[in-house]
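Trainee: Contents of protein-v6.csv (CSV, N, CA and C atoms) are given next:
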```
chain,number,residue,atom,x,y,z
H,292,MET,N,1.6,-12.5,23.0
H,292,MET,CA,2.5,-13.0,24.0
H,292,MET,C,3.6,-12.0,24.1
H,293,SER,N,3.6,-11.4,25.3
H,293,SER,CA,4.6,-10.3,25.5
H,293,SER,C,5.3,-10.6,26.9
H,294,ARG,N,6.6,-10.6,26.9
H,294,ARG,CA,7.3,-10.8,28.1
H,294,ARG,C,8.6,-10.0,28.1
H,295,LEU,N,9.1,-9.6,29.2
H,295,LEU,CA,10.3,-8.9,29.3
H,295,LEU,C,11.5,-9.8,29.4
H,296,LEU,N,12.4,-9.7,28.5
H,296,LEU,CA,13.6,-10.6,28.5
H,296,LEU,C,14.6,-10.1,29.5
H,297,PRO,N,15.3,-11.0,30.2
H,297,PRO,CA,16.3,-10.5,31.2
H,297,PRO,C,17.4,-9.8,30.5
H,298,ASN,N,17.9,-8.7,31.2
H,298,ASN,CA,19.0,-7.9,30.7
H,298,ASN,C,18.8,-7.2,29.4
H,299,TYR,N,17.5,-7.1,28.9
H,299,TYR,CA,17.2,-6.4,27.7
H,299,TYR,C,16.3,-5.2,28.0
H,300,LYS,N,16.4,-4.1,27.3
H,300,LYS,CA,15.6,-2.9,27.5
H,300,LYS,C,14.4,-2.9,26.7
H,301,ILE,N,14.2,-3.8,25.7
H,301,ILE,CA,13.0,-3.8,24.9
H,301,ILE,C,12.1,-5.0,25.3
H,302,GLU,N,10.9,-4.8,25.1
H,302,GLU,CA,9.9,-5.8,25.4
H,302,GLU,C,9.8,-6.8,24.2
H,303,ARG,N,9.7,-8.1,24.5
H,303,ARG,CA,9.6,-9.0,23.4
H,303,ARG,C,8.2,-9.1,22.9
H,304,ASN,N,8.0,-8.8,21.6
H,304,ASN,CA,6.7,-8.8,21.0
H,304,ASN,C,6.8,-9.8,19.8
H,305,ASP,N,5.7,-9.9,19.1
H,305,ASP,CA,5.7,-10.7,17.9
H,305,ASP,C,6.3,-10.0,16.8
H,306,TYR,N,6.5,-8.7,16.9
H,306,TYR,CA,7.1,-7.9,15.9
H,306,TYR,C,7.9,-6.7,16.6
H,307,MET,N,8.7,-6.0,15.8
H,307,MET,CA,9.5,-4.9,16.2
H,307,MET,C,9.3,-3.8,15.2
H,308,ASP,N,9.1,-2.6,15.6
H,308,ASP,CA,9.0,-1.5,14.6
H,308,ASP,C,10.4,-1.0,14.2
H,309,ASN,N,10.4,-0.2,13.1
H,309,ASN,CA,11.7,0.3,12.6
H,309,ASN,C,12.5,1.1,13.6
H,310,LEU,N,11.9,1.9,14.4
H,310,LEU,CA,12.6,2.7,15.4
H,310,LEU,C,13.3,1.8,16.4
H,311,ASP,N,12.5,0.8,16.9
H,311,ASP,CA,13.1,-0.2,17.9
H,311,ASP,C,14.3,-1.0,17.3
H,312,ARG,N,14.1,-1.3,16.0
H,312,ARG,CA,15.2,-2.1,15.3
H,312,ARG,C,16.4,-1.2,15.1
H,313,LEU,N,16.2,0.0,14.8
H,313,LEU,CA,17.3,1.0,14.7
H,313,LEU,C,18.1,1.1,16.0
H,314,LYS,N,17.4,1.2,17.1
H,314,LYS,CA,18.0,1.3,18.4
H,314,LYS,C,18.8,0.0,18.7
H,315,LEU,N,18.2,-1.1,18.4
H,315,LEU,CA,18.8,-2.4,18.6
H,315,LEU,C,20.2,-2.5,17.8
H,316,GLU,N,20.1,-2.0,16.6
H,316,GLU,CA,21.3,-2.0,15.7
H,316,GLU,C,22.4,-1.1,16.3
H,317,LEU,N,22.0,-0.1,17.0
H,317,LEU,CA,22.9,0.9,17.6
H,317,LEU,C,23.2,0.5,19.1
H,318,ASN,N,22.9,-0.7,19.4
H,318,ASN,CA,23.2,-1.2,20.8
H,318,ASN,C,22.5,-0.4,21.9
H,319,ASN,N,21.4,0.2,21.6
H,319,ASN,CA,20.6,1.0,22.5
H,319,ASN,C,21.4,2.2,23.1
H,320,LYS,N,22.5,2.7,22.4
H,320,LYS,CA,23.2,3.9,22.8
H,320,LYS,C,22.3,5.1,22.4
H,321,GLU,N,22.2,6.0,23.3
H,321,GLU,CA,21.4,7.2,23.2
H,321,GLU,C,22.2,8.3,22.5
H,322,TYR,N,22.5,8.1,21.3
H,322,TYR,CA,23.3,9.2,20.5
H,322,TYR,C,22.4,10.4,20.3
H,323,PHE,N,21.1,10.1,20.0
H,323,PHE,CA,20.1,11.1,19.7
H,323,PHE,C,18.8,10.9,20.3
H,324,THR,N,17.9,11.8,20.2
H,324,THR,CA,16.5,11.6,20.7
H,324,THR,C,15.7,10.8,19.8
H,325,ASP,N,14.6,10.3,20.2
H,325,ASP,CA,13.7,9.5,19.3
H,325,ASP,C,13.3,10.3,18.1
H,326,ASP,N,13.0,11.6,18.3
H,326,ASP,CA,12.6,12.5,17.2
H,326,ASP,C,13.7,12.6,16.2
H,327,GLU,N,14.9,12.7,16.6
H,327,GLU,CA,16.0,12.7,15.7
H,327,GLU,C,16.2,11.4,15.0
H,328,TYR,N,16.1,10.3,15.7
H,328,TYR,CA,16.1,9.0,15.0
H,328,TYR,C,15.0,8.8,14.0
H,329,ILE,N,13.9,9.4,14.3
H,329,ILE,CA,12.7,9.3,13.4
H,329,ILE,C,13.1,10.1,12.1
H,330,THR,N,13.7,11.2,12.2
H,330,THR,CA,14.2,12.0,11.1
H,330,THR,C,15.1,11.2,10.2
H,331,PHE,N,16.1,10.5,10.8
H,331,PHE,CA,17.0,9.7,10.1
H,331,PHE,C,16.3,8.6,9.4
H,332,LEU,N,15.3,7.9,10.0
H,332,LEU,CA,14.5,6.9,9.4
H,332,LEU,C,13.7,7.4,8.2
H,333,ASP,N,13.1,8.6,8.4
H,333,ASP,CA,12.3,9.2,7.3
H,333,ASP,C,13.2,9.5,6.1
H,334,GLU,N,14.4,10.0,6.3
H,334,GLU,CA,15.3,10.3,5.3
H,334,GLU,C,15.7,9.0,4.4
H,335,ASN,N,15.6,7.9,5.0
H,335,ASN,CA,15.9,6.6,4.4
H,335,ASN,C,14.6,5.8,4.0
H,336,ASN,N,13.5,6.6,3.9
H,336,ASN,CA,12.2,6.0,3.5
H,336,ASN,C,11.7,4.9,4.4
H,337,LEU,N,11.9,5.1,5.7
H,337,LEU,CA,11.3,4.1,6.6
H,337,LEU,C,10.4,4.8,7.6
H,338,GLY,N,9.2,4.3,7.8
H,338,GLY,CA,8.3,4.9,8.8
H,338,GLY,C,8.8,4.3,10.2
H,339,ASN,N,8.8,5.2,11.2
H,339,ASN,CA,9.3,4.7,12.5
H,339,ASN,C,8.4,3.7,13.2
H,340,ASP,N,7.1,3.8,12.9
H,340,ASP,CA,6.2,2.9,13.6
H,340,ASP,C,5.7,1.7,12.7
H,341,GLU,N,6.3,1.6,11.5
H,341,GLU,CA,6.0,0.5,10.7
H,341,GLU,C,6.7,-0.8,11.2
H,342,ILE,N,6.1,-1.9,11.0
H,342,ILE,CA,6.8,-3.2,11.5
H,342,ILE,C,8.0,-3.4,10.6
H,343,TYR,N,9.1,-3.7,11.3
H,343,TYR,CA,10.4,-4.0,10.6
H,343,TYR,C,10.2,-5.3,9.9
H,344,ASN,N,10.6,-5.3,8.6
H,344,ASN,CA,10.6,-6.5,7.8
H,344,ASN,C,12.0,-6.6,7.2
H,345,LYS,N,12.7,-7.6,7.6
H,345,LYS,CA,14.1,-7.7,7.2
H,345,LYS,C,14.3,-7.8,5.6
H,346,ALA,N,13.4,-8.5,5.0
H,346,ALA,CA,13.5,-8.6,3.5
H,346,ALA,C,13.3,-7.3,2.8
H,347,ASN,N,12.5,-6.4,3.3
H,347,ASN,CA,12.2,-5.1,2.7
H,347,ASN,C,12.9,-3.9,3.3
H,348,ASN,N,13.3,-4.0,4.5
H,348,ASN,CA,13.8,-2.8,5.2
H,348,ASN,C,15.2,-2.9,5.6
H,349,GLN,N,15.9,-4.0,5.5
H,349,GLN,CA,17.2,-4.1,6.1
H,349,GLN,C,18.2,-3.2,5.4
H,350,ARG,N,18.2,-3.0,4.1
H,350,ARG,CA,19.2,-2.1,3.5
H,350,ARG,C,19.0,-0.7,3.9
H,351,ASN,N,17.7,-0.2,3.9
H,351,ASN,CA,17.5,1.2,4.3
H,351,ASN,C,17.8,1.4,5.8
H,352,LEU,N,17.5,0.4,6.6
H,352,LEU,CA,17.8,0.5,8.0
H,352,LEU,C,19.3,0.6,8.3
H,353,LEU,N,20.1,-0.2,7.5
H,353,LEU,CA,21.5,-0.1,7.7
H,353,LEU,C,22.1,1.2,7.2
H,354,TRP,N,21.5,1.7,6.1
H,354,TRP,CA,21.9,3.1,5.6
H,354,TRP,C,21.6,4.1,6.7
H,355,THR,N,20.5,3.9,7.4
H,355,THR,CA,20.1,4.8,8.5
H,355,THR,C,21.2,4.7,9.6
H,356,VAL,N,21.6,3.5,10.0
H,356,VAL,CA,22.7,3.3,11.0
H,356,VAL,C,23.9,4.0,10.5
H,357,VAL,N,24.3,3.9,9.2
H,357,VAL,CA,25.5,4.6,8.7
H,357,VAL,C,25.3,6.1,8.9
H,358,ASP,N,24.1,6.6,8.6
H,358,ASP,CA,23.9,8.1,8.7
H,358,ASP,C,24.0,8.5,10.2
H,359,VAL,N,23.5,7.7,11.1
H,359,VAL,CA,23.6,8.1,12.5
H,359,VAL,C,25.0,8.1,13.0
H,360,LEU,N,25.8,7.0,12.6
H,360,LEU,CA,27.2,6.9,13.0
H,360,LEU,C,28.0,8.0,12.4
H,361,GLU,N,27.8,8.3,11.2
H,361,GLU,CA,28.5,9.4,10.5
H,361,GLU,C,28.2,10.8,11.3
H,362,ALA,N,27.0,11.0,11.7
H,362,ALA,CA,26.7,12.2,12.4
H,362,ALA,C,27.4,12.2,13.8
H,363,VAL,N,27.5,11.1,14.4
H,363,VAL,CA,28.2,11.0,15.7
H,363,VAL,C,29.7,11.2,15.5
H,364,ALA,N,30.2,10.6,14.5
H,364,ALA,CA,31.7,10.7,14.2
H,364,ALA,C,32.0,12.2,13.8
H,365,ASN,N,31.1,12.9,13.3
H,365,ASN,CA,31.4,14.3,12.9
H,365,ASN,C,31.1,15.3,14.0
H,366,ASP,N,30.7,14.9,15.2
H,366,ASP,CA,30.4,15.8,16.3
H,366,ASP,C,31.2,15.4,17.5
H,367,VAL,N,32.3,16.0,17.7
H,367,VAL,CA,33.3,15.7,18.8
H,367,VAL,C,32.6,15.9,20.1
H,368,ASP,N,31.8,16.9,20.3
H,368,ASP,CA,31.1,17.1,21.6
H,368,ASP,C,30.1,16.0,21.9
H,369,LEU,N,29.5,15.5,20.9
H,369,LEU,CA,28.6,14.4,21.1
H,369,LEU,C,29.4,13.1,21.4
H,370,MET,N,30.5,12.9,20.8
H,370,MET,CA,31.4,11.8,21.1
H,370,MET,C,31.8,11.8,22.6
H,371,ARG,N,32.1,13.0,23.1
H,371,ARG,CA,32.5,13.1,24.5
H,371,ARG,C,31.4,12.8,25.4
H,372,LYS,N,30.1,13.1,25.0
H,372,LYS,CA,29.0,12.8,25.9
H,372,LYS,C,28.6,11.3,26.0
H,373,VAL,N,28.9,10.6,24.9
H,373,VAL,CA,28.5,9.2,24.8
H,373,VAL,C,29.5,8.4,25.6
H,374,GLU,N,28.9,7.6,26.5
H,374,GLU,CA,29.8,6.7,27.3
H,374,GLU,C,30.3,5.6,26.5
H,375,THR,N,31.7,5.5,26.4
H,375,THR,CA,32.3,4.5,25.6
H,375,THR,C,33.4,3.8,26.4
H,376,GLU,N,33.9,2.7,25.9
H,376,GLU,CA,35.0,2.0,26.5
H,376,GLU,C,36.4,2.5,26.0
H,377,PHE,N,36.4,3.5,25.2
H,377,PHE,CA,37.6,4.0,24.6
H,377,PHE,C,38.3,5.1,25.4
H,378,ALA,N,39.6,5.0,25.4
H,378,ALA,CA,40.4,6.0,26.3
H,378,ALA,C,40.3,7.4,25.7
H,379,THR,N,40.3,7.5,24.4
H,379,THR,CA,40.3,8.8,23.8
H,379,THR,C,39.2,9.0,22.7
H,380,THR,N,38.9,10.2,22.4
H,380,THR,CA,37.9,10.5,21.4
H,380,THR,C,38.3,10.0,20.1
H,381,SER,N,39.6,10.1,19.8
H,381,SER,CA,40.1,9.6,18.5
H,381,SER,C,40.0,8.1,18.3
H,382,ASP,N,40.2,7.4,19.4
H,382,ASP,CA,40.0,5.9,19.4
H,382,ASP,C,38.6,5.6,19.1
H,383,ALA,N,37.7,6.3,19.7
H,383,ALA,CA,36.2,6.1,19.5
H,383,ALA,C,35.8,6.4,18.0
H,384,VAL,N,36.4,7.5,17.5
H,384,VAL,CA,36.1,7.9,16.1
H,384,VAL,C,36.6,6.9,15.1
H,385,LYS,N,37.8,6.3,15.4
H,385,LYS,CA,38.4,5.3,14.6
H,385,LYS,C,37.5,4.1,14.6
H,386,HIS,N,37.0,3.7,15.8
H,386,HIS,CA,36.2,2.5,15.9
H,386,HIS,C,34.8,2.7,15.1
H,387,ILE,N,34.3,3.9,15.2
H,387,ILE,CA,33.0,4.2,14.5
H,387,ILE,C,33.2,4.2,13.0
H,388,ASN,N,34.3,4.8,12.6
H,388,ASN,CA,34.6,4.7,11.1
H,388,ASN,C,34.8,3.3,10.6
H,389,ASP,N,35.5,2.5,11.4
H,389,ASP,CA,35.6,1.1,11.0
H,389,ASP,C,34.3,0.4,11.0
H,390,ARG,N,33.4,0.7,11.9
H,390,ARG,CA,32.1,0.1,12.0
H,390,ARG,C,31.3,0.5,10.8
H,391,ILE,N,31.4,1.8,10.4
H,391,ILE,CA,30.7,2.3,9.2
H,391,ILE,C,31.1,1.5,8.0
H,392,GLU,N,32.4,1.3,7.8
H,392,GLU,CA,32.9,0.5,6.7
H,392,GLU,C,32.4,-0.9,6.7
H,393,ARG,N,32.4,-1.5,7.8
H,393,ARG,CA,31.8,-2.9,7.9
H,393,ARG,C,30.4,-2.9,7.5
H,394,ILE,N,29.6,-1.9,8.0
H,394,ILE,CA,28.2,-1.9,7.6
H,394,ILE,C,28.0,-1.7,6.1
H,395,LYS,N,28.8,-0.8,5.6
H,395,LYS,CA,28.7,-0.5,4.1
H,395,LYS,C,29.0,-1.8,3.3
H,396,ASN,N,30.0,-2.5,3.8
H,396,ASN,CA,30.3,-3.8,3.1
H,396,ASN,C,29.2,-4.8,3.3
H,397,ARG,N,28.5,-4.8,4.4
H,397,ARG,CA,27.4,-5.7,4.7
H,397,ARG,C,26.2,-5.3,3.7
H,398,ILE,N,26.0,-4.0,3.6
H,398,ILE,CA,24.9,-3.5,2.7
H,398,ILE,C,25.1,-4.1,1.3
H,399,GLN,N,26.4,-4.1,0.8
H,399,GLN,CA,26.7,-4.5,-0.5
H,399,GLN,C,26.3,-6.0,-0.8
H,400,THR,N,26.3,-6.8,0.3
H,400,THR,CA,25.9,-8.2,0.1
H,400,THR,C,24.4,-8.4,0.1
H,401,ILE,N,23.6,-7.4,0.5
H,401,ILE,CA,22.2,-7.6,0.5
H,401,ILE,C,21.6,-7.2,-0.8
H,402,PRO,N,20.8,-8.2,-1.4
H,402,PRO,CA,20.2,-7.9,-2.7
H,402,PRO,C,19.2,-6.7,-2.6
H,403,ASP,N,19.2,-5.9,-3.6
H,403,ASP,CA,18.3,-4.7,-3.6
H,403,ASP,C,16.9,-5.2,-4.1
H,404,ALA,N,15.9,-5.1,-3.3
H,404,ALA,CA,14.6,-5.6,-3.6
H,404,ALA,C,14.0,-4.9,-4.9
H,405,GLU,N,14.4,-3.7,-5.1
H,405,GLU,CA,13.9,-3.0,-6.3
H,405,GLU,C,14.7,-3.2,-7.5
H,406,GLU,N,15.9,-3.8,-7.4
H,406,GLU,CA,16.7,-4.0,-8.6
H,406,GLU,C,16.3,-5.3,-9.3
H,407,GLU,N,16.0,-5.2,-10.6
H,407,GLU,CA,15.5,-6.4,-11.3
H,407,GLU,C,16.6,-7.3,-11.6
H,408,TYR,N,17.8,-6.8,-12.0
H,408,TYR,CA,18.9,-7.6,-12.3
H,408,TYR,C,20.1,-7.2,-11.5
H,409,SER,N,20.9,-8.2,-11.1
H,409,SER,CA,22.1,-7.9,-10.4
H,409,SER,C,23.2,-7.6,-11.4
H,410,ASN,N,24.3,-7.0,-11.0
H,410,ASN,CA,25.4,-6.7,-11.9
H,410,ASN,C,26.0,-8.0,-12.4
H,411,ILE,N,26.0,-9.0,-11.5
H,411,ILE,CA,26.7,-10.3,-11.9
H,411,ILE,C,25.9,-11.0,-13.0
H,412,SER,N,24.5,-11.0,-12.8
H,412,SER,CA,23.7,-11.7,-13.9
H,412,SER,C,23.8,-10.9,-15.2
H,413,LEU,N,23.9,-9.6,-15.2
H,413,LEU,CA,24.1,-8.9,-16.4
H,413,LEU,C,25.4,-9.1,-17.1
H,414,PHE,N,26.4,-9.3,-16.2
H,414,PHE,CA,27.8,-9.6,-16.8
H,414,PHE,C,27.7,-10.9,-17.6
H,415,TRP,N,27.0,-11.9,-17.1
H,415,TRP,CA,27.0,-13.2,-17.7
H,415,TRP,C,25.9,-13.3,-18.8
H,416,THR,N,25.0,-12.4,-18.9
H,416,THR,CA,23.9,-12.6,-19.9
H,416,THR,C,24.0,-11.6,-21.1
H,417,ARG,N,24.8,-10.6,-21.0
H,417,ARG,CA,24.9,-9.6,-22.1
H,417,ARG,C,25.9,-10.2,-23.1
H,418,LYS,N,25.7,-9.8,-24.4
H,418,LYS,CA,26.6,-10.3,-25.4
H,418,LYS,C,27.3,-9.1,-26.0
```
Could you take the file, read its structure, and then write that structure out as structure tokens?
Mentor:
Amino acid sequence: MSRLLPNYKIERNDYMDNLDRLKLELNNKEYFTDDEYITFLDENNLGNDEIYNKANNQRNLLWTVVDVLEAVANDVDLMRKVETEFATTSDAVKHINDRIERIKNRIQTIPDAEEEYSNISLFWTRK
């Protein structure tokens, strides 16, 4: 079952791959090319054409978003090219840095699938 949703640039499928999910998380802003996005995904151990699985991929995908936003914030020329609602580049950089912090805080609330014990449980179980 595939249909185009109104006002959306992606086609609705039964699944979404990691590249499409990354673009969705970035509000479909074209900061970089697909090849560059794929490099960011690879650096965070995500295959671009693998099906996005929130339970297994969310942390790494959010770290990828952080990497992309940090790269954007560190490139003033790129910031000027990206169409934004901000009056100045410094306002846009401040907004991106605030967003990076919010995403990092969000990542901290997601349990690590590879971590056997959480810091909290160790705190209460160790003698």
Trainee: For CA of Arg312 (chain H) and CA of Ser381 (chain H), quote the distance in Å rounded to one decimal.
Mentor: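 One can read the CA of Arg312 (chain H) to CA of Ser381 (chain H) distance as 27.7 Å.
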Trainee: From the options H:Leu337, H:Ala346, H:Ile391, H:Leu310, which residue's atoms come nearest to Ala362 (chain H), counting only C-alpha atoms?
Mentor: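 Distance minimum relative to Ala362 (chain H) lands on H:Ile391.
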Trainee: Could you give me, as JSON, numbers by chain, the residues within 7 Å of Met307 (chain H), counting only C-alpha atoms and dropping anything in the same chain fewer than 4 positions from it?
Mentor: {"H": [311, 312, 342, 343]}
Trainee: To one decimal place, how far is CA of Thr355 (chain H) from CA of Asn335 (chain H) in Å?
Mentor: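 Separation of CA of Thr355 (chain H) and CA of Asn335 (chain H): 6.1 Å.
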Trainee: Pick out the closest residue to Lys395 (chain H) from this set: H:Trp354, H:Lys345, H:Asp333, H:Asn319. Count all atoms listed in the file.
Mentor: H:Trp354
Trainee: How far is it from atom C of Asn309 (chain H) to atom C of Asn339 (chain H), in Å with one decimal?
Mentor: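 Calculated distance between atom C of Asn309 (chain H) and atom C of Asn339 (chain H) is 4.9 Å.
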Trainee: Calculated over only C-alpha atoms, which of the candidates H:Met370, H:Glu327, H:Asp389, H:Leu317 has the smallest distance to Val356 (chain H)?
Mentor: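 Among H:Met370, H:Glu327, H:Asp389, H:Leu317, it is H:Leu317 that comes nearest to Val356 (chain H).
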Trainee: Reconstruct N, CA, C and O atoms of region 355-374 of chain H from the incomplete input and present them as a JSON list (two decimals), keeping the file's coordinate frame.
Mentor:
```json
[["chain", "number", "residue", "atom", "x", "y", "z"],
["H", 355, "THR", "N", 20.50, 3.90, 7.40],
["H", 355, "THR", "CA", 20.10, 4.80, 8.50],
["H", 355, "THR", "C", 21.20, 4.70, 9.60],
["H", 355, "THR", "O", 21.59, 5.73, 10.19],
["H", 356, "VAL", "N", 21.60, 3.50, 10.00],
["H", 356, "VAL", "CA", 22.70, 3.30, 11.00],
["H", 356, "VAL", "C", 23.90, 4.00, 10.50],
["H", 356, "VAL", "O", 24.57, 4.72, 11.33],
["H", 357, "VAL", "N", 24.30, 3.90, 9.20],
["H", 357, "VAL", "CA", 25.50, 4.60, 8.70],
["H", 357, "VAL", "C", 25.30, 6.10, 8.90],
["H", 357, "VAL", "O", 26.23, 6.80, 9.37],
["H", 358, "ASP", "N", 24.10, 6.60, 8.60],
["H", 358, "ASP", "CA", 23.90, 8.10, 8.70],
["H", 358, "ASP", "C", 24.00, 8.50, 10.20],
["H", 358, "ASP", "O", 24.64, 9.57, 10.46],
["H", 359, "VAL", "N", 23.50, 7.70, 11.10],
["H", 359, "VAL", "CA", 23.60, 8.10, 12.50],
["H", 359, "VAL", "C", 25.00, 8.10, 13.00],
["H", 359, "VAL", "O", 25.53, 8.99, 13.61],
["H", 360, "LEU", "N", 25.80, 7.00, 12.60],
["H", 360, "LEU", "CA", 27.20, 6.90, 13.00],
["H", 360, "LEU", "C", 28.00, 8.00, 12.40],
["H", 360, "LEU", "O", 28.96, 8.48, 13.06],
["H", 361, "GLU", "N", 27.80, 8.30, 11.20],
["H", 361, "GLU", "CA", 28.50, 9.40, 10.50],
["H", 361, "GLU", "C", 28.20, 10.80, 11.30],
["H", 361, "GLU", "O", 29.14, 11.55, 11.46],
["H", 362, "ALA", "N", 27.00, 11.00, 11.70],
["H", 362, "ALA", "CA", 26.70, 12.20, 12.40],
["H", 362, "ALA", "C", 27.40, 12.20, 13.80],
["H", 362, "ALA", "O", 27.89, 13.25, 14.18],
["H", 363, "VAL", "N", 27.50, 11.10, 14.40],
["H", 363, "VAL", "CA", 28.20, 11.00, 15.70],
["H", 363, "VAL", "C", 29.70, 11.20, 15.50],
["H", 363, "VAL", "O", 30.27, 11.98, 16.22],
["H", 364, "ALA", "N", 30.20, 10.60, 14.50],
["H", 364, "ALA", "CA", 31.70, 10.70, 14.20],
["H", 364, "ALA", "C", 32.00, 12.20, 13.80],
["H", 364, "ALA", "O", 33.17, 12.60, 14.06],
["H", 365, "ASN", "N", 31.10, 12.90, 13.30],
["H", 365, "ASN", "CA", 31.40, 14.30, 12.90],
["H", 365, "ASN", "C", 31.10, 15.30, 14.00],
["H", 365, "ASN", "O", 31.29, 16.52, 13.76],
["H", 366, "ASP", "N", 30.70, 14.90, 15.20],
["H", 366, "ASP", "CA", 30.40, 15.80, 16.30],
["H", 366, "ASP", "C", 31.20, 15.40, 17.50],
["H", 366, "ASP", "O", 30.84, 14.50, 18.25],
["H", 367, "VAL", "N", 32.30, 16.00, 17.70],
["H", 367, "VAL", "CA", 33.30, 15.70, 18.80],
["H", 367, "VAL", "C", 32.60, 15.90, 20.10],
["H", 367, "VAL", "O", 32.77, 15.07, 21.04],
["H", 368, "ASP", "N", 31.80, 16.90, 20.30],
["H", 368, "ASP", "CA", 31.10, 17.10, 21.60],
["H", 368, "ASP", "C", 30.10, 16.00, 21.90],
["H", 368, "ASP", "O", 30.06, 15.56, 23.02],
["H", 369, "LEU", "N", 29.50, 15.50, 20.90],
["H", 369, "LEU", "CA", 28.60, 14.40, 21.10],
["H", 369, "LEU", "C", 29.40, 13.10, 21.40],
["H", 369, "LEU", "O", 28.97, 12.37, 22.30],
["H", 370, "MET", "N", 30.50, 12.90, 20.80],
["H", 370, "MET", "CA", 31.40, 11.80, 21.10],
["H", 370, "MET", "C", 31.80, 11.80, 22.60],
["H", 370, "MET", "O", 31.86, 10.78, 23.19],
["H", 371, "ARG", "N", 32.10, 13.00, 23.10],
["H", 371, "ARG", "CA", 32.50, 13.10, 24.50],
["H", 371, "ARG", "C", 31.40, 12.80, 25.40],
["H", 371, "ARG", "O", 31.59, 12.30, 26.55],
["H", 372, "LYS", "N", 30.10, 13.10, 25.00],
["H", 372, "LYS", "CA", 29.00, 12.80, 25.90],
["H", 372, "LYS", "C", 28.60, 11.30, 26.00],
["H", 372, "LYS", "O", 28.09, 10.85, 26.96],
["H", 373, "VAL", "N", 28.90, 10.60, 24.90],
["H", 373, "VAL", "CA", 28.50, 9.20, 24.80],
["H", 373, "VAL", "C", 29.50, 8.40, 25.60],
["H", 373, "VAL", "O", 30.68, 8.48, 25.42],
["H", 374, "GLU", "N", 28.90, 7.60, 26.50],
["H", 374, "GLU", "CA", 29.80, 6.70, 27.30],
["H", 374, "GLU", "C", 30.30, 5.60, 26.50],
["H", 374, "GLU", "O", 29.61, 4.82, 25.86]]
```
